[in-house]
file final.cif (mmCIF, C-alpha atoms (C1' of nucleotides))
data_start
loop_
_atom_site.label_atom_id
_atom_site.label_comp_id
_atom_site.auth_asym_id
_atom_site.auth_seq_id
_atom_site.Cartn_x
_atom_site.Cartn_y
_atom_site.Cartn_z
CA MET A 1 0.00 0.00 0.00
CA THR A 2 1.38 3.39 -0.99
CA GLN A 3 1.74 6.27 1.42
CA LEU A 4 -0.90 8.18 -0.55
CA ASN A 5 -3.42 5.38 -0.26
CA LYS A 6 -2.84 5.10 3.44
CA GLU A 7 -3.53 8.79 3.84
CA VAL A 8 -6.67 8.70 1.76
CA ILE A 9 -8.06 5.80 3.73
CA SER A 10 -7.05 7.32 7.03
CA LYS A 11 -8.67 10.62 6.07
CA GLY A 12 -11.94 8.97 5.08
CA SER A 13 -11.83 6.89 8.19
CA LYS A 14 -11.59 9.95 10.40
CA ILE A 15 -14.39 11.84 8.72
CA ARG A 16 -16.76 8.92 9.23
CA LEU A 17 -15.71 8.64 12.86
CA ARG A 18 -16.40 12.35 13.27
CA SER A 19 -19.80 11.90 11.65
CA TRP A 20 -20.71 9.23 14.15
CA LEU A 21 -19.56 11.29 17.11
CA LYS A 22 -21.64 14.20 15.83
CA ILE A 23 -24.73 12.03 15.38
CA LEU A 24 -24.27 10.73 18.90
CA LYS A 25 -23.74 14.14 20.42
CA THR A 26 -26.77 15.61 18.67
CA SER A 27 -28.95 12.67 19.58
CA ASN A 28 -27.89 12.74 23.23
CA TYR A 29 -28.45 16.48 23.37
CA ILE A 30 -31.99 16.29 22.05
CA GLU A 31 -32.82 13.17 24.03
CA LYS A 32 -31.64 14.75 27.24
CA GLN A 33 -33.91 17.75 26.74
CA ILE A 34 -36.90 15.55 25.98
CA ARG A 35 -36.26 13.33 29.01
CA GLU A 36 -36.04 16.39 31.21
CA LYS A 37 -39.25 17.88 29.81
CA LEU A 38 -41.11 14.59 30.19
CA ARG A 39 -39.99 14.33 33.78
CA LYS A 40 -40.56 17.93 34.83
CA ASP A 41 -43.67 18.80 32.85
CA HIS A 42 -45.38 15.40 32.68
CA ASN A 43 -43.85 13.31 35.45
CA THR A 44 -43.03 10.47 33.10
CA THR A 45 -40.01 9.00 31.32
CA LEU A 46 -38.84 8.37 27.76
CA PRO A 47 -39.12 4.55 27.97
CA ARG A 48 -42.72 4.89 29.13
CA PHE A 49 -43.44 7.40 26.40
CA ASP A 50 -41.94 5.02 23.81
CA VAL A 51 -43.98 2.08 25.04
CA MET A 52 -47.18 4.10 25.11
CA SER A 53 -46.43 5.41 21.64
CA ALA A 54 -46.12 1.89 20.26
CA LEU A 55 -49.35 0.84 21.98
CA TYR A 56 -51.16 3.95 20.76
CA ARG A 57 -50.41 3.05 17.16
CA SER A 58 -51.81 -0.45 17.52
CA ASN A 59 -55.51 -1.20 17.63
CA LYS A 60 -55.82 -4.48 19.46
CA GLY A 61 -52.75 -4.16 21.68
CA LEU A 62 -49.34 -5.80 21.50
CA LYS A 63 -47.72 -8.87 22.97
CA MET A 64 -44.72 -8.36 25.22
CA THR A 65 -42.41 -9.79 22.59
CA GLU A 66 -43.89 -7.54 19.90
CA LEU A 67 -43.20 -4.56 22.12
CA SER A 68 -39.60 -5.50 22.85
CA GLY A 69 -39.12 -6.20 19.15
CA ALA A 70 -40.59 -2.87 18.09
CA LEU A 71 -38.54 -0.87 20.56
CA LYS A 72 -35.47 -3.08 20.14
CA VAL A 73 -35.00 -3.65 23.83
CA SER A 74 -34.90 -6.82 25.89
CA ASN A 75 -37.97 -8.72 27.04
CA GLY A 76 -37.10 -8.32 30.70
CA ASN A 77 -36.88 -4.59 30.27
CA ILE A 78 -40.41 -4.36 28.88
CA THR A 79 -41.74 -6.45 31.77
CA GLY A 80 -40.60 -3.81 34.26
CA ILE A 81 -41.85 -0.85 32.28
CA ILE A 82 -45.27 -2.42 31.77
CA ASP A 83 -45.43 -3.30 35.48
CA ARG A 84 -45.09 0.36 36.33
CA LEU A 85 -47.48 1.54 33.61
CA VAL A 86 -50.08 -0.91 34.92
CA GLN A 87 -49.62 0.47 38.44
CA ASP A 88 -50.25 3.98 37.07
CA GLY A 89 -53.43 2.76 35.35
CA HIS A 90 -52.16 3.68 31.89
CA VAL A 91 -51.93 0.17 30.56
CA LEU A 92 -53.75 -3.15 30.81
CA ARG A 93 -52.58 -6.75 30.49
CA VAL A 94 -55.30 -8.87 28.91
CA ALA A 95 -55.15 -12.66 28.85
CA VAL A 96 -55.35 -14.17 25.39
CA GLU A 97 -58.01 -16.75 24.63
CA GLY A 98 -56.35 -20.02 23.63
CA ASP A 99 -52.76 -19.26 24.63
CA ARG A 100 -52.10 -18.98 28.29
CA ARG A 101 -48.49 -17.90 27.76
CA THR A 102 -49.44 -14.62 26.15
CA ASN A 103 -50.73 -11.30 27.40
CA LEU A 104 -52.02 -8.65 25.11
CA VAL A 105 -50.97 -5.26 26.42
CA SER A 106 -53.01 -2.17 25.57
CA LEU A 107 -53.61 1.40 26.69
CA THR A 108 -56.48 2.20 29.00
CA ASN A 109 -58.65 5.19 28.15
CA LYS A 110 -56.70 7.16 30.70
CA GLY A 111 -53.51 6.02 28.98
CA ARG A 112 -54.74 7.05 25.53
CA LEU A 113 -55.72 10.52 26.67
CA GLN A 114 -52.49 10.92 28.59
CA PHE A 115 -50.40 9.86 25.61
CA GLU A 116 -52.11 12.31 23.29
CA GLU A 117 -51.10 15.04 25.69
CA TYR A 118 -47.51 13.78 25.79
CA ALA A 119 -47.33 13.47 22.00
CA ASN A 120 -48.51 17.03 21.36
CA ALA A 121 -46.01 18.42 23.81
CA HIS A 122 -43.28 16.23 22.36
CA GLU A 123 -43.87 17.45 18.84
CA SER A 124 -43.68 21.07 19.86
CA TRP A 125 -40.49 20.56 21.88
CA VAL A 126 -38.85 18.91 18.89
CA ASN A 127 -39.88 21.78 16.65
CA ILE A 128 -38.32 24.26 19.01
CA ILE A 129 -35.10 22.27 19.30
CA LEU A 130 -34.86 21.86 15.50
CA GLU A 131 -36.16 25.30 14.60
CA GLU A 132 -32.90 26.30 12.87
CA LEU A 133 -33.38 23.48 10.38
CA SER A 134 -35.28 24.45 7.21
CA ASP A 135 -37.70 22.01 5.61
CA GLN A 136 -35.19 21.25 2.89
CA GLU A 137 -32.38 20.71 5.38
CA ALA A 138 -34.56 18.40 7.41
CA LYS A 139 -35.25 16.38 4.26
CA ASP A 140 -31.55 16.31 3.34
CA LEU A 141 -30.68 15.12 6.80
CA ILE A 142 -33.14 12.26 6.59
CA LYS A 143 -31.77 11.30 3.19
CA LEU A 144 -28.19 11.15 4.49
CA LEU A 145 -29.18 9.11 7.51
CA ASP A 146 -31.10 6.79 5.20
CA ILE A 147 -27.84 6.00 3.44
CA ILE A 148 -26.41 4.62 6.66
CA SER A 149 -29.32 2.29 7.17
CA TYR A 150 -29.75 1.50 3.50
CA ASN A 151 -29.25 -2.24 3.73
CA ARG A 152 -31.17 -2.72 6.93
CA ARG A 153 -34.79 -3.76 7.35
CA ASN A 154 -35.91 -1.00 9.73
CA MET B 1 -54.57 32.01 11.42
CA THR B 2 -55.62 30.88 7.97
CA GLN B 3 -56.11 27.25 7.02
CA LEU B 4 -53.15 27.52 4.64
CA ASN B 5 -50.82 28.77 7.36
CA LYS B 6 -51.88 26.02 9.68
CA GLU B 7 -51.02 23.45 7.04
CA VAL B 8 -47.65 24.95 6.24
CA ILE B 9 -46.69 25.04 9.89
CA SER B 10 -48.02 21.56 10.46
CA LYS B 11 -46.08 20.23 7.48
CA GLY B 12 -42.80 21.73 8.63
CA SER B 13 -43.52 20.50 12.10
CA LYS B 14 -43.85 16.93 10.89
CA ILE B 15 -40.70 16.92 8.80
CA ARG B 16 -38.67 18.09 11.78
CA LEU B 17 -40.26 15.46 13.98
CA ARG B 18 -39.36 12.85 11.38
CA SER B 19 -35.81 14.18 11.30
CA TRP B 20 -35.49 13.72 15.02
CA LEU B 21 -36.90 10.21 14.95
CA LYS B 22 -34.44 9.32 12.19
CA ILE B 23 -31.49 10.77 14.12
CA LEU B 24 -32.58 8.78 17.16
CA LYS B 25 -33.06 5.55 15.26
CA THR B 26 -29.69 5.84 13.51
CA SER B 27 -27.91 6.74 16.71
CA ASN B 28 -29.49 3.87 18.64
CA TYR B 29 -28.70 1.46 15.86
CA ILE B 30 -25.01 2.36 15.72
CA GLU B 31 -24.71 2.61 19.49
CA LYS B 32 -26.23 -0.80 19.95
CA GLN B 33 -23.71 -2.40 17.61
CA ILE B 34 -20.80 -0.70 19.33
CA ARG B 35 -22.05 -1.71 22.78
CA GLU B 36 -22.38 -5.30 21.63
CA LYS B 37 -18.91 -5.34 20.08
CA LEU B 38 -17.36 -3.80 23.19
CA ARG B 39 -19.02 -6.40 25.36
CA LYS B 40 -18.39 -9.46 23.21
CA ASP B 41 -14.95 -8.67 21.80
CA HIS B 42 -13.49 -6.65 24.67
CA ASN B 43 -15.57 -7.44 27.74
CA THR B 44 -16.23 -3.77 28.48
CA THR B 45 -19.01 -1.21 28.14
CA LEU B 46 -19.65 2.07 26.36
CA PRO B 47 -19.67 4.19 29.55
CA ARG B 48 -16.27 2.74 30.51
CA PHE B 49 -14.96 3.36 27.01
CA ASP B 50 -16.20 6.95 27.15
CA VAL B 51 -14.58 7.60 30.51
CA MET B 52 -11.29 6.05 29.42
CA SER B 53 -11.41 8.07 26.21
CA ALA B 54 -11.74 11.32 28.14
CA LEU B 55 -8.91 10.33 30.48
CA TYR B 56 -6.71 9.27 27.55
CA ARG B 57 -6.95 12.73 26.02
CA SER B 58 -5.89 14.46 29.24
CA ASN B 59 -2.30 14.55 30.47
CA LYS B 60 -2.53 15.06 34.19
CA GLY B 61 -5.86 13.34 34.77
CA LEU B 62 -9.31 14.75 35.44
CA LYS B 63 -11.37 15.56 38.50
CA MET B 64 -14.64 13.69 38.97
CA THR B 65 -16.60 16.84 38.20
CA GLU B 66 -14.56 17.50 35.06
CA LEU B 67 -15.39 13.97 33.90
CA SER B 68 -19.10 14.27 34.53
CA GLY B 69 -19.03 17.67 32.82
CA ALA B 70 -17.19 16.37 29.78
CA LEU B 71 -19.47 13.36 29.33
CA LYS B 72 -22.59 15.28 30.38
CA VAL B 73 -23.67 12.74 32.94
CA SER B 74 -24.33 13.02 36.65
CA ASN B 75 -21.63 13.01 39.31
CA GLY B 76 -23.02 9.93 41.00
CA ASN B 77 -22.86 8.06 37.74
CA ILE B 78 -19.15 8.73 37.30
CA THR B 79 -18.46 7.61 40.86
CA GLY B 80 -19.78 4.12 40.09
CA ILE B 81 -18.01 3.79 36.76
CA ILE B 82 -14.68 4.88 38.23
CA ASP B 83 -15.16 2.46 41.15
CA ARG B 84 -15.36 -0.40 38.68
CA LEU B 85 -12.49 0.84 36.51
CA VAL B 86 -10.33 1.07 39.62
CA GLN B 87 -11.22 -2.52 40.52
CA ASP B 88 -10.12 -3.59 37.04
CA GLY B 89 -6.83 -1.76 37.46
CA HIS B 90 -7.49 0.53 34.50
CA VAL B 91 -7.76 3.73 36.46
CA LEU B 92 -6.25 5.40 39.53
CA ARG B 93 -7.63 7.94 42.01
CA VAL B 94 -4.87 10.27 43.19
CA ALA B 95 -5.29 12.62 46.15
CA VAL B 96 -4.69 16.26 45.29
CA GLU B 97 -2.16 18.25 47.31
CA GLY B 98 -3.86 21.15 49.01
CA ASP B 99 -7.52 20.20 48.44
CA ARG B 100 -8.72 17.16 50.28
CA ARG B 101 -12.11 17.20 48.54
CA THR B 102 -10.67 16.41 45.16
CA ASN B 103 -9.34 13.27 43.50
CA LEU B 104 -7.46 13.39 40.24
CA VAL B 105 -8.44 10.38 38.17
CA SER B 106 -6.07 9.02 35.52
CA LEU B 107 -5.41 5.92 33.45
CA THR B 108 -2.87 3.36 34.62
CA ASN B 109 -0.39 2.05 32.06
CA LYS B 110 -2.56 -1.00 31.70
CA GLY B 111 -5.52 1.30 31.13
CA ARG B 112 -3.70 3.32 28.45
CA LEU B 113 -2.68 0.23 26.52
CA GLN B 114 -6.12 -1.27 26.86
CA PHE B 115 -7.80 1.91 25.64
CA GLU B 116 -5.60 2.12 22.56
CA GLU B 117 -6.78 -1.34 21.66
CA TYR B 118 -10.42 -0.37 22.18
CA ALA B 119 -10.03 2.85 20.19
CA ASN B 120 -8.53 1.14 17.15
CA ALA B 121 -11.28 -1.45 17.12
CA HIS B 122 -13.90 1.24 17.62
CA GLU B 123 -12.71 3.28 14.66
CA SER B 124 -12.80 0.29 12.35
CA TRP B 125 -16.30 -0.75 13.47
CA VAL B 126 -17.58 2.77 12.80
CA ASN B 127 -16.01 2.74 9.34
CA ILE B 128 -17.72 -0.50 8.52
CA ILE B 129 -21.08 0.71 9.81
CA LEU B 130 -20.81 4.01 7.89
CA GLU B 131 -19.14 2.56 4.79
CA GLU B 132 -22.01 3.57 2.51
CA LEU B 133 -21.38 7.22 3.36
CA SER B 134 -18.96 9.01 1.02
CA ASP B 135 -16.50 11.56 2.38
CA GLN B 136 -18.63 14.37 1.00
CA GLU B 137 -21.82 12.93 2.47
CA ALA B 138 -20.13 12.55 5.84
CA LYS B 139 -19.14 16.20 5.69
CA ASP B 140 -22.64 17.26 4.64
CA LEU B 141 -24.12 15.29 7.50
CA ILE B 142 -21.87 17.00 10.04
CA LYS B 143 -22.79 20.38 8.58
CA LEU B 144 -26.52 19.70 8.93
CA LEU B 145 -26.15 18.45 12.47
CA ASP B 146 -24.10 21.54 13.26
CA ILE B 147 -27.11 23.67 12.35
CA ILE B 148 -29.10 22.04 15.12
CA SER B 149 -26.47 22.84 17.72
CA TYR B 150 -25.58 26.22 16.23
CA ASN B 151 -26.33 28.33 19.27
CA ARG B 152 -24.95 25.94 21.81
CA ARG B 153 -21.53 25.93 23.44
CA ASN B 154 -20.60 22.28 22.78
"C1'" DC C 1 -49.55 -40.17 23.70
"C1'" DT C 2 -45.20 -38.65 25.32
"C1'" DT C 3 -40.86 -36.74 24.69
"C1'" DA C 4 -38.62 -32.97 22.60
"C1'" DA C 5 -38.52 -28.52 20.56
"C1'" DA C 6 -40.30 -24.02 20.18
"C1'" DT C 7 -42.55 -19.92 22.02
"C1'" DA C 8 -43.87 -16.28 25.59
"C1'" DT C 9 -42.87 -14.23 29.53
"C1'" DT C 10 -40.71 -13.41 34.10
"C1'" DT C 11 -36.90 -13.58 37.25
"C1'" DT C 12 -32.22 -12.78 38.41
"C1'" DA C 13 -27.69 -10.64 38.68
"C1'" DT C 14 -25.13 -6.88 37.22
"C1'" DA C 15 -24.42 -2.37 35.47
"C1'" DC C 16 -25.83 2.20 34.20
"C1'" DT C 17 -28.41 6.56 35.05
"C1'" DT C 18 -30.64 10.27 37.33
"C1'" DG C 19 -31.78 13.86 40.87
"C1'" DA C 20 -31.62 14.76 45.49
"C1'" DA C 21 -29.69 14.37 49.99
"C1'" DA C 22 -25.68 13.79 52.77
"C1'" DT C 23 -20.58 14.56 53.84
"C1'" DA C 24 -16.57 16.75 53.74
"C1'" DT C 25 -13.74 20.46 52.80
"C1'" DT C 26 -12.51 25.11 51.35
"C1'" DA C 27 -13.54 30.01 50.68
"C1'" DT C 28 -16.04 34.13 51.95
"C1'" DT C 29 -18.67 37.28 54.94
"C1'" DT C 30 -19.68 39.39 58.87
"C1'" DA D 1 -12.81 33.63 64.39
"C1'" DA D 2 -17.66 31.94 63.67
"C1'" DA D 3 -21.26 31.58 60.52
"C1'" DT D 4 -22.35 31.08 55.81
"C1'" DA D 5 -21.78 30.00 51.15
"C1'" DA D 6 -19.56 27.46 47.64
"C1'" DT D 7 -17.28 23.39 45.85
"C1'" DA D 8 -16.22 18.27 45.35
"C1'" DT D 9 -17.62 13.95 45.87
"C1'" DT D 10 -20.38 10.00 47.56
"C1'" DT D 11 -24.58 7.82 48.94
"C1'" DC D 12 -29.29 6.77 48.13
"C1'" DA D 13 -33.71 5.42 45.99
"C1'" DA D 14 -35.91 4.55 41.86
"C1'" DG D 15 -35.94 3.42 37.20
"C1'" DT D 16 -33.81 1.53 32.95
"C1'" DA D 17 -31.14 -1.99 30.44
"C1'" DT D 18 -28.96 -6.37 29.31
"C1'" DA D 19 -28.09 -11.46 28.91
"C1'" DA D 20 -28.94 -15.63 30.85
"C1'" DA D 21 -31.63 -18.79 33.52
"C1'" DA D 22 -36.04 -20.29 34.99
"C1'" DT D 23 -41.22 -21.14 34.23
"C1'" DA D 24 -45.01 -22.09 31.83
"C1'" DT D 25 -47.32 -23.41 27.89
"C1'" DT D 26 -48.00 -24.92 23.16
"C1'" DT D 27 -46.60 -27.45 19.06
"C1'" DA D 28 -44.28 -31.04 16.65
"C1'" DA D 29 -41.99 -35.62 16.20
"C1'" DG D 30 -41.58 -40.08 16.97
#
call {"tool": "encode", "arguments": {"input": "final.cif", "output": "structure tokens"}}
result
Amino acid sequence: MTQLNKEVISKGSKIRLRSWLKILKTSNYIEKQIREKLRKDHNTTLPRFDVMSALYRSNKGLKMTELSGALKVSNGNITGIIDRLVQDGHVLRVAVEGDRRTNLVSLTNKGRLQFEEYANAHESWVNIILEELSDQEAKDLIKLLDIISYNRRN
Amino acid sequence: MTQLNKEVISKGSKIRLRSWLKILKTSNYIEKQIREKLRKDHNTTLPRFDVMSALYRSNKGLKMTELSGALKVSNGNITGIIDRLVQDGHVLRVAVEGDRRTNLVSLTNKGRLQFEEYANAHESWVNIILEELSDQEAKDLIKLLDIISYNRRN
DNA sequence: CTTAAATATTTTATACTTGAAATATTATTT
DNA sequence: AAATAATATTTCAAGTATAAAATATTTAAG
């Protein structure tokens, strides 16, 4: 390998590393603000918000495994989060006819109303945080991030 | 507010929300792979890697508060991570002459060597994950993410 | 039908994370 | 100098997260 090649590769290597660190920093920055808002303004947490969001989008509820699959977290993790959401009265575990292993988890009415409140607030926070980004820039950003996940299913 | 205005605002609102969700998904996806690699190939974790990385870049070591500031996590968090790194022999707490409140934390020789190994592996994983991104695209991506953090200090 | 395999979920042990309270020490004000 | 404020760190309680083991149940194979 020539010296030139080494430099070219090394250069490209560094710029991609910097890209990743920037993605991470931006993501952490936004996430931190949202977590803080959820906690202070709505006395809830991001994991709970995420779970409720997934349940809100489904009609008949989701199985535990479907939830952990959708959110890409472990099964045991979901168990704990649902436990606490049930305690709060936001979520219900319903036994499934014909398969005693499974529970179908769904939002209560209280949970649905609560989530709609969260979601509205969430959208407006995000708009404030990203207000410097024009519509076109937002689209460009999505397109670039799509390249990274091009050969992935999600 | 006219119906047209409402729609324009709503449209822009949604594209920014989608941008955020895409940033989050990409970040989580990459982070998950790195965490898994660190655990399986090197029997360590991302928080430990991050702490060691900050210590590696400093000459004389860092105070606990400087560490938590640099990584933007809580003080209590750093205490636990350093406890475990000390147990592993990767890190040292050194009393500071003249201020008995403070400890200066720094890498041991073992820790320095170990981190260099981690860092090399890390850079190559990131390059593989982001291989679809050209140099120019990587630069564009950084530029767009910079817009989001434009009026921030970090 | 009964053993074995597959599926669904919970439990466990360990680690990370936070915000708030507690400790300890140093600096500043009266 | 004594009281107060500021700084540095740890401890604490609660929640989040993982992988692996344990349970329970259903399905498939022999």
call {"tool": "interface_residues", "arguments": {"input": "final.cif", "of": "chain D", "to": "chain B", "cutoff": "12 Å", "atoms": "only C-alpha atoms (C1' of nucleotides)", "output": "list in words"}}
result
DT7, DA8, DT9, DT10, DT11, DC12, DA17, DT18 and DA19 of chain D
call {"tool": "resolve_selection", "arguments": {"input": "final.cif", "expression": "the PyMOL selection byres ((chain C and resi 1-3) around 10)", "output": "list in words"}}
result
DA4 and DA5 of chain C; DA29 and DG30 of chain D
call {"tool": "resolve_selection", "arguments": {"input": "final.cif", "expression": "the PyMOL selection byres ((chain A and resi 56) around 10)", "output": "mmCIF file with C-alpha atoms, in the frame of the given file"}}
result
data_model
loop_
_atom_site.group_PDB
_atom_site.id
_atom_site.type_symbol
_atom_site.label_atom_id
_atom_site.label_comp_id
_atom_site.auth_asym_id
_atom_site.auth_seq_id
_atom_site.Cartn_x
_atom_site.Cartn_y
_atom_site.Cartn_z
ATOM 1 C CA ASP A 50 -41.940 5.020 23.810
ATOM 2 C CA VAL A 51 -43.980 2.080 25.040
ATOM 3 C CA MET A 52 -47.180 4.100 25.110
ATOM 4 C CA SER A 53 -46.430 5.410 21.640
ATOM 5 C CA ALA A 54 -46.120 1.890 20.260
ATOM 6 C CA LEU A 55 -49.350 0.840 21.980
ATOM 7 C CA ARG A 57 -50.410 3.050 17.160
ATOM 8 C CA SER A 58 -51.810 -0.450 17.520
ATOM 9 C CA ASN A 59 -55.510 -1.200 17.630
ATOM 10 C CA LYS A 60 -55.820 -4.480 19.460
ATOM 11 C CA GLY A 61 -52.750 -4.160 21.680
ATOM 12 C CA LEU A 62 -49.340 -5.800 21.500
ATOM 13 C CA SER A 106 -53.010 -2.170 25.570
ATOM 14 C CA LEU A 107 -53.610 1.400 26.690
ATOM 15 C CA THR A 108 -56.480 2.200 29.000
ATOM 16 C CA GLY A 111 -53.510 6.020 28.980
ATOM 17 C CA ARG A 112 -54.740 7.050 25.530
ATOM 18 C CA LEU A 113 -55.720 10.520 26.670
ATOM 19 C CA PHE A 115 -50.400 9.860 25.610
ATOM 20 C CA GLU A 116 -52.110 12.310 23.290
#
call {"tool": "interface_residues", "arguments": {"input": "final.cif", "of": "chain C", "to": "chain A", "cutoff": "12 Å", "atoms": "only C-alpha atoms (C1' of nucleotides)", "output": "NGL selection string"}}
result
:C and (7-12 or 17-19)
call {"tool": "write_last_selection", "arguments": {"input": "final.cif", "atoms": "C-alpha atoms (C1' of nucleotides)", "output": "mmCIF file, in the coordinates of the input"}}
result
data_model
loop_
_atom_site.group_PDB
_atom_site.id
_atom_site.type_symbol
_atom_site.label_atom_id
_atom_site.label_comp_id
_atom_site.auth_asym_id
_atom_site.auth_seq_id
_atom_site.Cartn_x
_atom_site.Cartn_y
_atom_site.Cartn_z
ATOM 1 C "C1'" DT C 7 -42.550 -19.920 22.020
ATOM 2 C "C1'" DA C 8 -43.870 -16.280 25.590
ATOM 3 C "C1'" DT C 9 -42.870 -14.230 29.530
ATOM 4 C "C1'" DT C 10 -40.710 -13.410 34.100
ATOM 5 C "C1'" DT C 11 -36.900 -13.580 37.250
ATOM 6 C "C1'" DT C 12 -32.220 -12.780 38.410
ATOM 7 C "C1'" DT C 17 -28.410 6.560 35.050
ATOM 8 C "C1'" DT C 18 -30.640 10.270 37.330
ATOM 9 C "C1'" DG C 19 -31.780 13.860 40.870
#
call {"tool": "axis_aligned_box", "arguments": {"input": "final.cif", "around": "stretch 16-25 of chain A", "padding_each_side": "4 Å", "output": "AutoDock Vina command-line options"}}
result
--center_x -20.2 --center_y 11.4 --center_z 14.8 --size_x 17.0 --size_y 13.6 --size_z 19.2
call {"tool": "interface_residues", "arguments": {"input": "final.cif", "of": "chain B", "to": "chain A", "cutoff": "7 Å", "atoms": "only C-alpha atoms", "output": "PDB file with C-alpha atoms, in the coordinates of the input"}}
result
ATOM      1  CA  GLY B  12     -42.800  21.730   8.630  1.00  0.00           C
ATOM      2  CA  SER B  13     -43.520  20.500  12.100  1.00  0.00           C
ATOM      3  CA  ILE B  15     -40.700  16.920   8.800  1.00  0.00           C
ATOM      4  CA  ARG B  16     -38.670  18.090  11.780  1.00  0.00           C
ATOM      5  CA  LEU B  17     -40.260  15.460  13.980  1.00  0.00           C
ATOM      6  CA  SER B  19     -35.810  14.180  11.300  1.00  0.00           C
ATOM      7  CA  LYS B  22     -34.440   9.320  12.190  1.00  0.00           C
ATOM      8  CA  ILE B  23     -31.490  10.770  14.120  1.00  0.00           C
ATOM      9  CA  LEU B  24     -32.580   8.780  17.160  1.00  0.00           C
ATOM     10  CA  THR B  26     -29.690   5.840  13.510  1.00  0.00           C
ATOM     11  CA  SER B  27     -27.910   6.740  16.710  1.00  0.00           C
ATOM     12  CA  GLU B 123     -12.710   3.280  14.660  1.00  0.00           C
ATOM     13  CA  VAL B 126     -17.580   2.770  12.800  1.00  0.00           C
ATOM     14  CA  ASN B 127     -16.010   2.740   9.340  1.00  0.00           C
ATOM     15  CA  LEU B 130     -20.810   4.010   7.890  1.00  0.00           C
ATOM     16  CA  GLU B 132     -22.010   3.570   2.510  1.00  0.00           C
ATOM     17  CA  LEU B 133     -21.380   7.220   3.360  1.00  0.00           C
ATOM     18  CA  ASP B 135     -16.500  11.560   2.380  1.00  0.00           C
ATOM     19  CA  GLU B 137     -21.820  12.930   2.470  1.00  0.00           C
ATOM     20  CA  ALA B 138     -20.130  12.550   5.840  1.00  0.00           C
ATOM     21  CA  LEU B 141     -24.120  15.290   7.500  1.00  0.00           C
ATOM     22  CA  ILE B 142     -21.870  17.000  10.040  1.00  0.00           C
ATOM     23  CA  LEU B 144     -26.520  19.700   8.930  1.00  0.00           C
ATOM     24  CA  LEU B 145     -26.150  18.450  12.470  1.00  0.00           C
ATOM     25  CA  ILE B 147     -27.110  23.670  12.350  1.00  0.00           C
ATOM     26  CA  ILE B 148     -29.100  22.040  15.120  1.00  0.00           C
TER      27      ILE B 148
END
call {"tool": "residues_around", "arguments": {"input": "final.cif", "residues": "D:DG15", "least_positions_apart": "4", "cutoff": "12 Å", "atoms": "all atoms listed in the file", "output": "count of residues only"}}
result
14
call {"tool": "atom_distance", "arguments": {"input": "final.cif", "atom1": "atom CA of A:Tyr118", "atom2": "atom CA of A:Phe49"}}
result
7.6 Å
call {"tool": "resolve_selection", "arguments": {"input": "final.cif", "expression": "the PyMOL selection byres ((chain D and resi 1) around 12)", "output": "PyMOL selection string"}}
result
(chain C and resi 29-30) or (chain D and resi 2-3)
call {"tool": "atom_distance", "arguments": {"input": "final.cif", "atom1": "atom CA of A:Val105", "atom2": "atom CA of A:Ile78"}}
result
10.9 Å
call {"tool": "atom_distance", "arguments": {"input": "final.cif", "atom1": "atom CA of B:Glu117", "atom2": "atom C1' of D:DT16"}}
result
29.4 Å
